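Report on one structure; see the data block that follows.
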Amino acid sequence: MQQSNPILQIISNILDEIIKETDVLELESNSIFHAITAPAISIYNYLQRINKYTHCSEQCFVIALIYLDRLQEKHANLVLNSHCIHRFLLLAIVTAIKFQDDDYYKNEYYAKIGGINLKEINKLEQEFLEYMNYDLFIDEQQYQIYENRLLEYGEIEMP
């Protein structure tokens with residue numbers, strides 16, 4: 001059985017809170033990240049699956065959260081909800097892995113982990129990078145702020 005990772009649980013809790021707020025808005029979106037129906041897998045289980053099969057560093061999950069925040073800052077009309085969070089999360093993590101870690105897999109492998117096909121992950125990756133304006137660098141200070149806030153959030157939220 002896979003060990004629980006507190007950072008994954010904290011990130012999952014944060015994203016679950018965002019999804020609760022945005023799902024009630026019932027906004028129409030035509031982004032290629034949006035699925036017709038929301039995936040059945042929980043955000044936490046999805047994060048665990050990605051963690052288990054990618055063998056990426058824990059930093060990649062923090063960086064992915066920073067990327068998602070940047071997306072929201074750059075594109076105020078972009079709403080993260082249950083129909084798109086899994087795809088955005090997958091692409092944020094894959095991008096973080098490729099940018100941060102020394103070792104990474106081919107997109108075909110990441111597509112299998114994420115439950116999508118190769119053509120789709122390639123298109124999503126291209127779109128994600130364009131949404132990000134190819135701005136992937138995160139300085140150490142910003143990273144530390146996010147990591148500290150995550151840990152503080154975990155202390156407040158977790159028993």
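Labels used: A, B, ... for chains in the order of the structure tokens, numbers from 1 for residues in each chain, and numbers from 1 for ligands as shown.
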Residues of chain A in helix (DSSP H, G or I), written as a ChimeraX atom specification: /A:6-23,43-54,59-74,85-100,107-114,118-131,140-157
Within 12 Å of stretch 124-131 of chain A, which residues of stretch 8-49 of chain A show up? Give each one with its shortest atom-to-atom distance in Å (one decimal) and the two atoms involved, counting only C-alpha atoms, rows by chain then rising residue number, as a tab-separated table.
residue	atom	partner	partner_atom	distance
A:Ser31	CA	A:Glu127	CA	9.5
A:Ile32	CA	A:Leu124	CA	7.2
A:Phe33	CA	A:Leu124	CA	7.0
A:His34	CA	A:Leu124	CA	10.6
Between atom CA of A:Asn81 and atom CA of A:Glu155, what is the distance, to one decimal in Å?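 The value is 25.5 Å.
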Counting only C-alpha atoms, which residue out of A:Asn148, A:Ser57, A:Thr37, A:Ser82 sits closest to A:Lys98? A:Ser57
Using only C-alpha atoms, I'd like a table of the residues in stretch 82-149 of chain A that come within 6 Å of stretch 60-70 of chain A; for each, show the closest atom pair and its distance in Å rounded to one decimal, ordered by chain and ascending number, as JSON lines.
{"residue": "A:Ala92", "atom": "CA", "partner": "A:Ala64", "partner_atom": "CA", "distance": 4.7}
{"residue": "A:Ile93", "atom": "CA", "partner": "A:Ala64", "partner_atom": "CA", "distance": 5.0}
{"residue": "A:Ala96", "atom": "CA", "partner": "A:Cys60", "partner_atom": "CA", "distance": 5.2}
{"residue": "A:Ile97", "atom": "CA", "partner": "A:Cys60", "partner_atom": "CA", "distance": 5.8}
Based on the selection just made, write N, CA, C and O atoms of those residues as a short mmCIF file (atom, residue, chain, number, x, y, z; two decimals), in the first residue's frame.
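The resulting result.cif:
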data_model
loop_
_atom_site.label_atom_id
_atom_site.label_comp_id
_atom_site.auth_asym_id
_atom_site.auth_seq_id
_atom_site.Cartn_x
_atom_site.Cartn_y
_atom_site.Cartn_z
N ALA A 92 0.20 20.50 -15.35
CA ALA A 92 1.04 21.30 -14.46
C ALA A 92 2.14 20.43 -13.84
O ALA A 92 3.30 20.83 -13.77
N ILE A 93 1.77 19.22 -13.45
CA ILE A 93 2.76 18.32 -12.84
C ILE A 93 3.77 17.83 -13.88
O ILE A 93 4.98 17.84 -13.64
N ALA A 96 6.10 20.58 -14.61
CA ALA A 96 7.02 20.76 -13.48
C ALA A 96 8.10 19.68 -13.49
O ALA A 96 9.27 19.96 -13.24
N ILE A 97 7.70 18.45 -13.77
CA ILE A 97 8.67 17.35 -13.83
C ILE A 97 9.72 17.63 -14.91
O ILE A 97 10.92 17.51 -14.67
#
Write out as JSON lines the residues of stretch 1-59 of chain A that have any atom within 12 Å of an atom of stretch 101-104 of chain A, one row each with the nearest atom pair and its distance in Å to one decimal, counting only C-alpha atoms, sorted by chain and then rising number.
{"residue": "A:Tyr53", "atom": "CA", "partner": "A:Tyr104", "partner_atom": "CA", "distance": 11.1}
{"residue": "A:Thr54", "atom": "CA", "partner": "A:Tyr104", "partner_atom": "CA", "distance": 7.7}
{"residue": "A:His55", "atom": "CA", "partner": "A:Tyr104", "partner_atom": "CA", "distance": 8.8}
{"residue": "A:Cys56", "atom": "CA", "partner": "A:Asp101", "partner_atom": "CA", "distance": 7.0}
{"residue": "A:Ser57", "atom": "CA", "partner": "A:Asp101", "partner_atom": "CA", "distance": 7.0}
{"residue": "A:Glu58", "atom": "CA", "partner": "A:Asp101", "partner_atom": "CA", "distance": 10.1}
{"residue": "A:Gln59", "atom": "CA", "partner": "A:Asp101", "partner_atom": "CA", "distance": 9.0}
Taking into account only C-alpha atoms, which residue in the set A:Lys112, A:Arg149, A:Arg87, A:Lys123 is nearest to A:Pro39?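 Looking only at the distances to A:Pro39, the closest residue turns out to be A:Arg87.
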